[in-house]
$ cat run-v5.cif   # mmCIF, C-alpha atoms and all ligand atoms
data_work
loop_
_atom_site.label_atom_id
_atom_site.label_comp_id
_atom_site.auth_asym_id
_atom_site.auth_seq_id
_atom_site.Cartn_x
_atom_site.Cartn_y
_atom_site.Cartn_z
CA MET A 108 164.60 155.58 52.84
CA LYS A 109 166.10 152.35 51.57
CA ILE A 110 169.77 152.28 50.61
CA THR A 111 168.83 150.94 47.18
CA GLU A 112 166.55 153.97 46.65
CA HIS A 113 169.43 156.29 47.56
CA LEU A 114 171.63 154.48 45.04
CA LYS A 115 168.97 154.59 42.34
CA SER A 116 168.13 158.26 42.71
CA ALA A 117 171.75 159.46 43.00
CA LYS A 118 173.02 161.59 40.13
CA LYS A 119 176.65 161.13 41.16
CA THR A 120 178.78 158.77 43.27
CA LEU A 121 177.59 158.79 46.87
CA PHE A 122 179.71 158.94 50.02
CA SER A 123 179.10 156.59 52.97
CA ILE A 124 180.97 155.50 56.08
CA GLU A 125 181.26 152.64 58.53
CA ILE A 126 181.87 153.26 62.21
CA LEU A 127 182.46 151.06 65.25
CA PRO A 128 180.54 151.47 68.51
CA PRO A 129 182.77 152.93 71.22
CA LEU A 130 184.39 150.66 73.80
CA LYS A 131 182.06 149.85 76.68
CA GLY A 132 182.10 152.68 79.22
CA LYS A 133 182.91 155.39 76.64
CA SER A 134 180.35 158.04 75.79
CA ILE A 135 178.45 158.30 72.51
CA GLN A 136 180.09 161.71 72.10
CA SER A 137 183.10 159.93 70.55
CA ILE A 138 180.75 158.75 67.77
CA TYR A 139 179.43 162.26 67.18
CA ASP A 140 182.98 163.62 67.20
CA SER A 141 183.92 161.20 64.43
CA ILE A 142 180.78 161.85 62.33
CA ASP A 143 180.55 165.65 62.69
CA PRO A 144 183.61 166.44 60.51
CA LEU A 145 182.20 164.20 57.74
CA MET A 146 178.67 165.59 57.59
CA GLU A 147 179.58 168.28 55.07
CA PHE A 148 180.09 165.46 52.52
CA LYS A 149 176.46 164.36 53.09
CA PRO A 150 176.90 160.66 53.76
CA ALA A 151 174.07 158.68 52.18
CA PHE A 152 174.27 156.25 55.09
CA VAL A 153 176.33 155.30 58.12
CA ASP A 154 176.96 151.62 58.82
CA VAL A 155 177.46 150.58 62.44
CA THR A 156 179.33 147.34 63.06
CA TYR A 157 178.18 144.63 65.46
CA HIS A 158 180.60 143.06 67.92
CA ARG A 159 179.65 139.81 69.56
CA GLU A 160 180.79 138.52 72.90
CA GLU A 161 184.32 137.33 73.52
CA TYR A 162 185.60 134.99 76.21
CA ILE A 163 188.49 135.90 78.44
CA TYR A 164 190.03 134.13 81.40
CA LYS A 165 190.13 136.12 84.66
CA LYS A 166 192.51 135.10 87.40
CA ARG A 167 190.61 134.52 90.65
CA GLU A 168 191.68 134.09 94.26
CA GLY A 169 193.50 130.79 94.74
CA GLY A 170 194.95 131.00 91.24
CA TYR A 171 192.13 129.42 89.31
CA LEU A 172 190.97 130.90 86.00
CA GLU A 173 187.37 131.84 85.40
CA LYS A 174 186.02 131.98 81.82
CA VAL A 175 184.11 135.23 81.50
CA SER A 176 182.00 136.46 78.59
CA ILE A 177 182.40 140.14 77.70
CA ARG A 178 181.14 142.44 74.96
CA LYS A 179 183.65 145.20 74.42
CA ARG A 180 181.61 147.26 71.97
CA PRO A 181 177.89 146.97 72.65
CA GLY A 182 175.35 149.55 71.48
CA THR A 183 175.00 149.02 67.71
CA VAL A 184 171.22 149.50 67.63
CA GLY A 185 171.19 152.41 70.09
CA ILE A 186 173.87 154.19 68.08
CA CYS A 187 171.90 153.72 64.86
CA ALA A 188 168.77 155.22 66.43
CA ALA A 189 170.81 158.12 67.88
CA ILE A 190 172.48 158.84 64.52
CA MET A 191 169.17 158.86 62.66
CA ASN A 192 167.70 161.16 65.26
CA LYS A 193 170.62 163.58 65.43
CA TYR A 194 171.70 163.79 61.78
CA ASP A 195 168.61 162.71 59.84
CA VAL A 196 170.76 160.27 57.87
CA GLU A 197 170.20 156.54 57.27
CA ALA A 198 171.97 154.31 59.77
CA VAL A 199 172.55 150.67 58.90
CA PRO A 200 173.10 148.25 61.77
CA HIS A 201 175.13 145.13 61.02
CA ILE A 202 173.21 142.02 62.03
CA ILE A 203 175.18 138.82 62.49
CA CYS A 204 174.29 135.13 62.88
CA GLY A 205 176.93 134.42 65.54
CA GLY A 206 175.65 134.44 69.11
CA PHE A 207 171.98 134.68 68.10
CA THR A 208 169.22 132.10 68.03
CA ARG A 209 166.60 132.56 65.29
CA GLU A 210 164.17 133.84 67.88
CA GLU A 211 166.63 136.42 69.24
CA THR A 212 167.23 137.54 65.66
CA GLU A 213 163.51 137.89 65.07
CA ASN A 214 163.10 139.96 68.22
CA ALA A 215 166.08 142.16 67.34
CA LEU A 216 164.60 142.80 63.90
CA ILE A 217 161.25 143.73 65.45
CA ASP A 218 163.07 146.28 67.66
CA LEU A 219 164.70 147.77 64.55
CA GLN A 220 161.37 148.16 62.76
CA PHE A 221 159.84 149.85 65.80
CA LEU A 222 162.76 152.29 65.79
CA GLY A 223 162.16 153.10 62.12
CA ILE A 224 165.36 151.38 60.99
CA ASP A 225 164.66 149.57 57.73
CA ASN A 226 168.15 149.00 56.40
CA VAL A 227 170.40 146.20 57.65
CA LEU A 228 173.65 144.54 56.60
CA ALA A 229 173.18 140.78 57.04
CA LEU A 230 176.36 138.88 57.94
CA ARG A 231 177.47 135.61 59.38
CA GLY A 232 180.14 137.03 61.69
CA ASP A 233 183.51 135.47 62.42
CA SER A 234 184.34 132.71 64.84
CA ILE A 235 185.13 133.82 68.36
CA LYS A 236 188.80 133.67 69.37
CA THR A 237 188.36 130.52 71.44
CA GLU A 238 186.91 128.56 68.49
CA SER A 239 188.84 127.48 65.41
CA GLN A 240 185.81 127.78 63.13
CA PHE A 241 182.45 129.49 63.14
CA VAL A 242 179.99 127.71 65.44
CA PRO A 243 176.37 128.82 65.28
CA GLU A 244 174.27 129.19 68.42
CA PRO A 245 172.04 126.14 68.96
CA GLY A 246 168.96 127.18 67.01
CA GLY A 247 170.92 129.92 65.22
CA HIS A 248 172.00 130.41 61.63
CA HIS A 249 175.06 128.78 60.14
CA TYR A 250 175.49 131.08 57.14
CA ALA A 251 174.47 134.62 56.21
CA ILE A 252 172.10 133.20 53.60
CA ASP A 253 169.97 131.71 56.38
CA LEU A 254 169.73 135.15 57.99
CA VAL A 255 168.86 136.71 54.62
CA LYS A 256 166.07 134.13 54.24
CA GLN A 257 164.71 134.90 57.71
CA ILE A 258 164.65 138.65 56.99
CA LYS A 259 163.09 138.09 53.58
CA GLY A 260 160.47 135.88 55.26
CA MET A 261 159.62 138.65 57.73
CA ASN A 262 159.36 141.09 54.82
CA ASN A 263 156.68 138.71 53.53
CA GLY A 264 154.96 138.57 56.92
CA VAL A 265 156.35 135.13 57.81
CA TYR A 266 157.53 134.91 61.43
CA LEU A 267 158.88 131.88 63.28
CA ASP A 268 155.55 131.04 64.87
CA ASP A 269 153.68 129.47 61.98
CA GLU A 270 150.39 129.87 63.82
CA MET A 271 150.75 133.65 63.86
CA LYS A 272 148.00 135.17 61.75
CA ASP A 273 148.06 138.57 59.97
CA ALA A 274 151.60 139.39 61.09
CA THR A 275 152.75 142.82 59.86
CA PRO A 276 155.39 142.41 57.16
CA THR A 277 158.68 144.15 57.88
CA ASN A 278 160.24 146.37 55.25
CA PHE A 279 163.98 145.75 55.38
CA CYS A 280 166.41 146.62 52.65
CA MET A 281 169.24 144.12 52.98
CA GLY A 282 172.90 144.49 52.22
CA ILE A 283 175.35 141.58 52.31
CA ALA A 284 179.14 141.20 52.25
CA GLY A 285 181.21 140.40 49.16
CA TYR A 286 184.92 139.67 48.85
CA PRO A 287 186.91 140.85 45.80
CA GLU A 288 189.83 138.73 47.07
CA LYS A 289 187.41 135.90 48.06
CA HIS A 290 186.36 134.97 51.57
CA PHE A 291 189.21 133.24 53.35
CA GLU A 292 187.24 130.05 54.00
CA ALA A 293 186.09 129.63 50.40
CA PRO A 294 188.14 127.07 48.44
CA ASN A 295 188.11 129.37 45.38
CA LEU A 296 186.44 132.46 43.92
CA TYR A 297 183.99 130.30 41.95
CA SER A 298 182.66 128.69 45.13
CA ASP A 299 182.46 132.03 46.93
CA MET A 300 180.61 133.50 43.93
CA LYS A 301 178.11 130.62 44.00
CA TRP A 302 177.19 131.40 47.62
CA LEU A 303 177.16 135.13 46.96
CA LYS A 304 174.64 134.57 44.17
CA ALA A 305 172.60 132.35 46.48
CA LYS A 306 172.41 135.23 49.02
CA VAL A 307 171.24 137.60 46.29
CA ASP A 308 168.70 135.09 44.98
CA ALA A 309 167.45 134.67 48.57
CA GLY A 310 166.61 138.39 48.71
CA ALA A 311 169.70 140.53 49.35
CA ASP A 312 169.38 143.95 47.72
CA TYR A 313 172.99 145.11 47.46
CA ILE A 314 176.57 144.09 48.23
CA VAL A 315 179.23 145.95 50.21
CA THR A 316 182.74 144.67 49.63
CA GLN A 317 185.53 143.88 51.98
CA MET A 318 188.30 146.49 51.83
CA PHE A 319 190.75 146.18 48.96
CA PHE A 320 193.75 148.24 47.88
CA ASP A 321 193.94 147.19 44.26
CA ASN A 322 191.07 148.47 42.10
CA LYS A 323 191.80 145.83 39.45
CA LYS A 324 190.58 143.21 41.93
CA PHE A 325 187.33 145.12 42.46
CA PHE A 326 186.71 145.57 38.74
CA TYR A 327 187.36 141.86 38.14
CA PHE A 328 185.02 140.97 41.02
CA VAL A 329 182.21 143.13 39.59
CA GLU A 330 182.72 141.65 36.13
CA THR A 331 182.62 138.10 37.54
CA CYS A 332 179.47 138.91 39.52
CA ARG A 333 177.74 140.21 36.40
CA GLN A 334 178.83 137.12 34.43
CA ASN A 335 177.31 135.02 37.22
CA ASP A 336 173.97 136.82 36.99
CA ILE A 337 174.45 138.95 40.09
CA HIS A 338 172.95 142.28 39.13
CA VAL A 339 172.42 144.11 42.45
CA PRO A 340 174.50 147.26 43.22
CA ILE A 341 178.05 146.54 44.44
CA ILE A 342 179.51 149.16 46.78
CA PRO A 343 183.32 149.19 47.14
CA GLY A 344 184.65 149.36 50.71
CA LEU A 345 187.81 151.43 51.19
CA LYS A 346 190.23 151.76 54.08
CA ILE A 347 192.82 154.47 54.58
CA LEU A 348 196.08 153.18 56.01
CA THR A 349 197.17 155.10 59.10
CA SER A 350 199.81 153.06 60.93
CA LYS A 351 202.74 150.74 60.34
CA SER A 352 201.13 147.98 62.40
CA GLN A 353 198.37 147.74 59.76
CA LEU A 354 200.86 146.37 57.22
CA ILE A 355 200.74 143.13 59.17
CA ALA A 356 197.36 143.43 60.84
CA LEU A 357 195.13 144.12 57.82
CA PRO A 358 196.29 141.19 55.65
CA LYS A 359 196.14 138.93 58.72
CA ILE A 360 192.68 139.98 59.94
CA PHE A 361 190.94 140.68 56.65
CA HIS A 362 192.75 138.23 54.35
CA ILE A 363 193.60 140.86 51.75
CA ASP A 364 196.76 141.76 49.83
CA LEU A 365 198.63 145.04 49.81
CA PRO A 366 199.80 145.73 46.24
CA GLN A 367 203.58 145.73 45.81
CA ASP A 368 203.72 149.42 44.66
CA LEU A 369 201.89 150.46 47.82
CA PHE A 370 203.98 148.21 50.03
CA VAL A 371 207.24 149.65 48.63
CA GLU A 372 206.05 153.17 49.44
CA LEU A 373 204.92 152.17 52.93
CA GLU A 374 208.20 150.46 53.72
CA LYS A 375 210.03 153.74 53.11
CA CYS A 376 207.94 155.46 55.81
CA LYS A 377 209.75 156.27 59.05
CA ASP A 378 206.67 156.73 61.23
CA ASP A 379 202.89 156.60 61.31
CA LYS A 380 202.65 160.21 60.17
CA ALA A 381 204.38 159.27 56.94
CA ILE A 382 202.21 156.14 56.59
CA LYS A 383 199.12 158.34 56.87
CA GLU A 384 200.33 160.53 54.01
CA VAL A 385 200.85 157.52 51.75
CA GLY A 386 197.53 156.04 52.95
CA VAL A 387 195.59 159.19 52.09
CA GLU A 388 197.29 159.59 48.73
CA TRP A 389 196.63 155.95 47.80
CA CYS A 390 192.99 156.11 48.85
CA VAL A 391 192.40 159.37 46.95
CA ALA A 392 193.79 157.74 43.80
CA GLN A 393 191.70 154.60 44.35
CA SER A 394 188.57 156.66 45.00
CA LYS A 395 189.04 158.87 41.95
CA GLU A 396 189.50 155.87 39.68
CA LEU A 397 186.41 154.15 41.10
CA LYS A 398 184.40 157.35 40.78
CA LYS A 399 185.49 157.68 37.17
CA ALA A 400 184.24 154.13 36.63
CA ASP A 401 180.83 155.35 37.86
CA VAL A 402 180.49 153.28 41.03
CA SER A 403 177.26 154.18 42.79
CA CYS A 404 178.83 154.84 46.19
CA LEU A 405 182.23 154.87 47.91
CA HIS A 406 182.09 153.35 51.38
CA TYR A 407 184.87 154.22 53.84
CA TYR A 408 185.84 152.08 56.80
CA THR A 409 186.62 154.94 59.16
CA MET A 410 187.44 152.88 62.26
CA GLY A 411 187.45 156.09 64.26
CA THR A 412 189.85 157.94 61.96
CA SER A 413 187.64 160.70 60.59
CA ASP A 414 190.58 163.09 60.07
CA VAL A 415 191.99 161.04 57.19
CA THR A 416 188.54 160.17 55.82
CA ARG A 417 187.83 163.90 55.74
CA ARG A 418 191.03 164.58 53.83
CA VAL A 419 190.15 161.94 51.24
CA ALA A 420 186.53 163.11 50.97
CA LYS A 421 187.66 166.71 50.43
CA GLU A 422 189.69 165.61 47.40
CA VAL A 423 187.11 163.23 45.97
CA PHE A 424 183.63 164.69 46.61
P1 LIG A 501 178.69 133.94 54.50
O1 LIG A 501 178.04 134.59 53.35
O2 LIG A 501 177.87 133.00 55.32
O3 LIG A 501 179.98 133.18 53.95
C1 LIG A 501 180.93 132.58 54.82
C2 LIG A 501 181.72 131.51 54.08
O4 LIG A 501 180.90 130.37 53.82
C3 LIG A 501 182.23 131.93 52.70
O5 LIG A 501 183.47 131.30 52.50
C4 LIG A 501 181.19 131.40 51.73
O6 LIG A 501 181.74 131.12 50.45
C5 LIG A 501 180.73 130.12 52.44
N1 LIG A 501 179.30 129.82 52.30
C6 LIG A 501 178.27 130.70 52.33
N2 LIG A 501 177.10 130.06 52.31
C7 LIG A 501 177.38 128.73 52.30
C8 LIG A 501 176.59 127.55 52.34
N3 LIG A 501 175.26 127.61 52.35
N4 LIG A 501 177.23 126.35 52.33
C9 LIG A 501 178.59 126.28 52.33
N5 LIG A 501 179.39 127.37 52.30
C10 LIG A 501 178.79 128.59 52.31
N6 LIG A 501 181.73 140.78 61.22
C11 LIG A 501 181.18 141.07 62.41
O7 LIG A 501 181.27 140.27 63.35
N7 LIG A 501 180.54 142.27 62.63
C12 LIG A 501 180.41 143.20 61.65
O8 LIG A 501 179.83 144.27 61.89
C13 LIG A 501 180.95 142.91 60.37
N8 LIG A 501 180.82 143.78 59.34
C14 LIG A 501 181.28 143.45 58.09
C15 LIG A 501 181.06 144.33 57.01
C16 LIG A 501 181.52 144.01 55.74
C17 LIG A 501 181.24 144.95 54.58
C18 LIG A 501 182.25 142.81 55.51
C19 LIG A 501 182.80 142.48 54.16
C20 LIG A 501 182.47 141.93 56.57
C21 LIG A 501 181.99 142.23 57.86
N9 LIG A 501 182.16 141.37 58.95
C22 LIG A 501 181.62 141.66 60.18
C23 LIG A 501 182.96 140.13 58.80
C24 LIG A 501 182.11 138.92 58.36
O9 LIG A 501 181.20 138.60 59.38
C25 LIG A 501 183.09 137.77 58.09
O10 LIG A 501 183.84 138.04 56.95
C26 LIG A 501 182.51 136.37 58.07
O11 LIG A 501 183.60 135.45 58.13
C27 LIG A 501 181.71 136.02 56.84
O12 LIG A 501 180.53 136.68 56.79
P2 LIG A 501 179.57 136.57 55.49
O13 LIG A 501 178.33 137.27 55.82
O14 LIG A 501 180.30 136.94 54.27
O15 LIG A 501 179.31 134.96 55.52
#
$ encode --input "run-v5.cif" --output "structure tokens" --more "lines below"
Ligand code: FAD
Amino acid sequence: MKITEHLKSAKKTLFSIEILPPLKGKSIQSIYDSIDPLMEFKPAFVDVTYHREEYIYKKREGGYLEKVSIRKRPGTVGICAAIMNKYDVEAVPHIICGGFTREETENALIDLQFLGIDNVLALRGDSIKTESQFVPEPGGHHYAIDLVKQIKGMNNGVYLDDEMKDATPTNFCMGIAGYPEKHFEAPNLYSDMKWLKAKVDAGADYIVTQMFFDNKKFFYFVETCRQNDIHVPIIPGLKILTSKSQLIALPKIFHIDLPQDLFVELEKCKDDKAIKEVGVEWCVAQSKELKKADVSCLHYYTMGTSDVTRRVAKEVF
């Protein structure tokens, strides 16, 4: 079932989660262990992130350094198929532009359709650590909108080979990313909004937001979207703080602010246990306010921390 159909038919705010594939070499059991405790809240869907290759330098005999490509967290598509099979719940693989040619993207999408996966989150992806800005693969997409257009084309039976006759149309429901605090590369919210609208006009069906800790920013974002003729569902993404290191890491990695009231509370915490308590309390309050405002779904970035997600879900759903 398409995510948009879930959202449409829901009589109350839905619960959904995002998980990361395990590190290479780890068993899929770690994924089941993180999902099992959350199944009682009936997630409408489970997003699975995609992690592209990274380059590291390995020291070789004689002291020279060899540049080696590694993928630390492969398995996105396999995990989605396994989740759908085991739990009978929608799994949404994240599909990114980075590292893919158009043809590789087309083939990956064909695999998804054969597996019965017809929901995807279409993203550009970030630059790899060794590059200062995003560089597309030769023959790959530069922006998420180009990926959205390719998927929309396939939904209309248009594949890359223009001589292909009677190609079976795919049936993807497409989510895209939105940024209540704007994407860090965008010069301003207006510009970011313009490209967000372009992605929706190109065929995206719904938006999932970057994490935020201040609901006012989300409400303003939704209002601005509506004023800019963006009328697809907007799903808020929420993260529960669990460690002191996140006070620096989250703003740095995700380009988001921690509200001053929250920061003051976090600074008083002596250890990660105390941070977790504040994190859960803050997220419960955020969730309840969003639920009261009738958001269609609350989406939690679990990042392997199902214990705190469970605590929040117990209070909210
Ligand atoms: P785009 O929509 O392409 O936007 C990128 C920037 O370019 C923005 O500043 C935008 O304003 C601008 N822009 C867009 N189109 C144009 C255009 N045509 N011309 C000029 N400027 C333009 N990353 C991963 O690698 N794997 C994941 O699994 C993953 N999951 C995510 C899930 C969510 C919900 C979110 C919010 C992000 C996720 N990311 C993931 C991170 C994401 O890939 C990065 O934030 C990336 O930098 C931007 O992706 P995007 O799809 O928003 O890009």
$ residues_around --input "run-v5.cif" --residues "stretch 226-230 of chain A" --least-positions-apart "5" --cutoff "9 Å" --atoms "only C-alpha atoms" --output "number ranges by chain"
A: 108-110, 154, 197-205, 219, 250-252, 254-255, 258, 278-284, 311, 314-315
$ closest_atom_pairs --input "run-v5.cif" --of "chain A" --to "ligand LIG 501 (chain A)" --cutoff "6 Å" --atoms "all atoms listed in the file" --output "JSON lines"
{"residue": "A:Thr156", "atom": "CA", "partner": "A:LIG501", "partner_atom": "O8", "distance": 3.3}
{"residue": "A:Tyr157", "atom": "CA", "partner": "A:LIG501", "partner_atom": "O8", "distance": 3.9}
{"residue": "A:His158", "atom": "CA", "partner": "A:LIG501", "partner_atom": "N7", "distance": 5.3}
{"residue": "A:His201", "atom": "CA", "partner": "A:LIG501", "partner_atom": "O8", "distance": 4.9}
{"residue": "A:Leu230", "atom": "CA", "partner": "A:LIG501", "partner_atom": "O13", "distance": 3.3}
{"residue": "A:Arg231", "atom": "CA", "partner": "A:LIG501", "partner_atom": "O13", "distance": 4.0}
{"residue": "A:Gly232", "atom": "CA", "partner": "A:LIG501", "partner_atom": "O9", "distance": 3.0}
{"residue": "A:Asp233", "atom": "CA", "partner": "A:LIG501", "partner_atom": "O11", "distance": 4.3}
{"residue": "A:Tyr250", "atom": "CA", "partner": "A:LIG501", "partner_atom": "O2", "distance": 3.6}
{"residue": "A:Ala251", "atom": "CA", "partner": "A:LIG501", "partner_atom": "O2", "distance": 3.9}
{"residue": "A:Ala284", "atom": "CA", "partner": "A:LIG501", "partner_atom": "C19", "distance": 4.3}
{"residue": "A:Gly285", "atom": "CA", "partner": "A:LIG501", "partner_atom": "C19", "distance": 5.6}
{"residue": "A:His290", "atom": "CA", "partner": "A:LIG501", "partner_atom": "O5", "distance": 4.8}
{"residue": "A:Glu292", "atom": "CA", "partner": "A:LIG501", "partner_atom": "O5", "distance": 4.2}
{"residue": "A:Ala293", "atom": "CA", "partner": "A:LIG501", "partner_atom": "O5", "distance": 3.8}
{"residue": "A:Ser298", "atom": "CA", "partner": "A:LIG501", "partner_atom": "O6", "distance": 5.9}
{"residue": "A:Asp299", "atom": "CA", "partner": "A:LIG501", "partner_atom": "O6", "distance": 3.7}
{"residue": "A:Trp302", "atom": "CA", "partner": "A:LIG501", "partner_atom": "N2", "distance": 4.9}
{"residue": "A:Val315", "atom": "CA", "partner": "A:LIG501", "partner_atom": "C17", "distance": 4.9}
{"residue": "A:Thr316", "atom": "CA", "partner": "A:LIG501", "partner_atom": "C19", "distance": 5.0}
{"residue": "A:Gln317", "atom": "CA", "partner": "A:LIG501", "partner_atom": "C19", "distance": 3.8}
$ atom_distance --input "run-v5.cif" --atom1 "atom CA of A:Glu125" --atom2 "atom CA of A:Cys404"
12.8 Å
$ closest_residue --input "run-v5.cif" --among "A:Asp140, A:Asp218, A:Glu147, A:Asp308" --to "A:Asp253" --atoms "only C-alpha atoms"
A:Asp308
$ residues_around --input "run-v5.cif" --residues "A:Glu160" --least-positions-apart "3" --cutoff "8 Å" --atoms "all atoms listed in the file" --output "ChimeraX atom specification"
/A:176-179,206,235
$ residues_around --input "run-v5.cif" --residues "A:Pro287" --least-positions-apart "4" --cutoff "12 Å" --atoms "only C-alpha atoms" --output "PyMOL selection string"
chain A and resi 291+295-297+299-300+303+314-332+341-345+361-364
$ atom_distance --input "run-v5.cif" --atom1 "atom CA of A:Glu161" --atom2 "atom CA of A:Val175"
8.3 Å
$ closest_residue --input "run-v5.cif" --among "A:Ala188, A:Leu405, A:Leu130, A:Val339" --to "A:Val419" --atoms "all atoms listed in the file"
A:Leu405
$ atom_distance --input "run-v5.cif" --atom1 "atom CA of A:Ala309" --atom2 "atom CA of A:Gly264"
15.5 Å
$ residues_around --input "run-v5.cif" --residues "A:Ile126" --least-positions-apart "6" --cutoff "7 Å" --atoms "only C-alpha atoms" --output "list in words"
Asp154, Val155, Thr156, Tyr408, Thr409, Met410 and Gly411 of chain A
$ closest_residue --input "run-v5.cif" --among "A:Lys380, A:Lys398, A:Arg417, A:Lys165" --to "A:Ile124" --atoms "all atoms listed in the file"
A:Arg417
$ residues_near_point --input "run-v5.cif" --point "(162.7, 139.7, 64.4)" --cutoff "9 Å" --atoms "all atoms listed in the file" --output "ChimeraX atom specification"
/A:209-220,257-258,261,266-267,277
$ closest_residue --input "run-v5.cif" --among "A:Thr120, A:Thr183, A:Thr111, A:Thr275" --to "A:Glu396" --atoms "all atoms listed in the file"
A:Thr120
$ residues_around --input "run-v5.cif" --residues "A:Val391" --least-positions-apart "6" --cutoff "10 Å" --atoms "all atoms listed in the file" --output "list in words"
Ile347, Val385, Leu397, Thr416, Arg418, Val419, Ala420, Lys421, Glu422 and Val423 of chain A
$ write_last_selection --input "run-v5.cif" --atoms "C-alpha atoms" --output "PDB file, keeping the file's coordinate frame"
ATOM      1  CA  ILE A 347     192.820 154.470  54.580  1.00  0.00           C
ATOM      2  CA  VAL A 385     200.850 157.520  51.750  1.00  0.00           C
ATOM      3  CA  LEU A 397     186.410 154.150  41.100  1.00  0.00           C
ATOM      4  CA  THR A 416     188.540 160.170  55.820  1.00  0.00           C
ATOM      5  CA  ARG A 418     191.030 164.580  53.830  1.00  0.00           C
ATOM      6  CA  VAL A 419     190.150 161.940  51.240  1.00  0.00           C
ATOM      7  CA  ALA A 420     186.530 163.110  50.970  1.00  0.00           C
ATOM      8  CA  LYS A 421     187.660 166.710  50.430  1.00  0.00           C
ATOM      9  CA  GLU A 422     189.690 165.610  47.400  1.00  0.00           C
ATOM     10  CA  VAL A 423     187.110 163.230  45.970  1.00  0.00           C
TER      11      VAL A 423
END
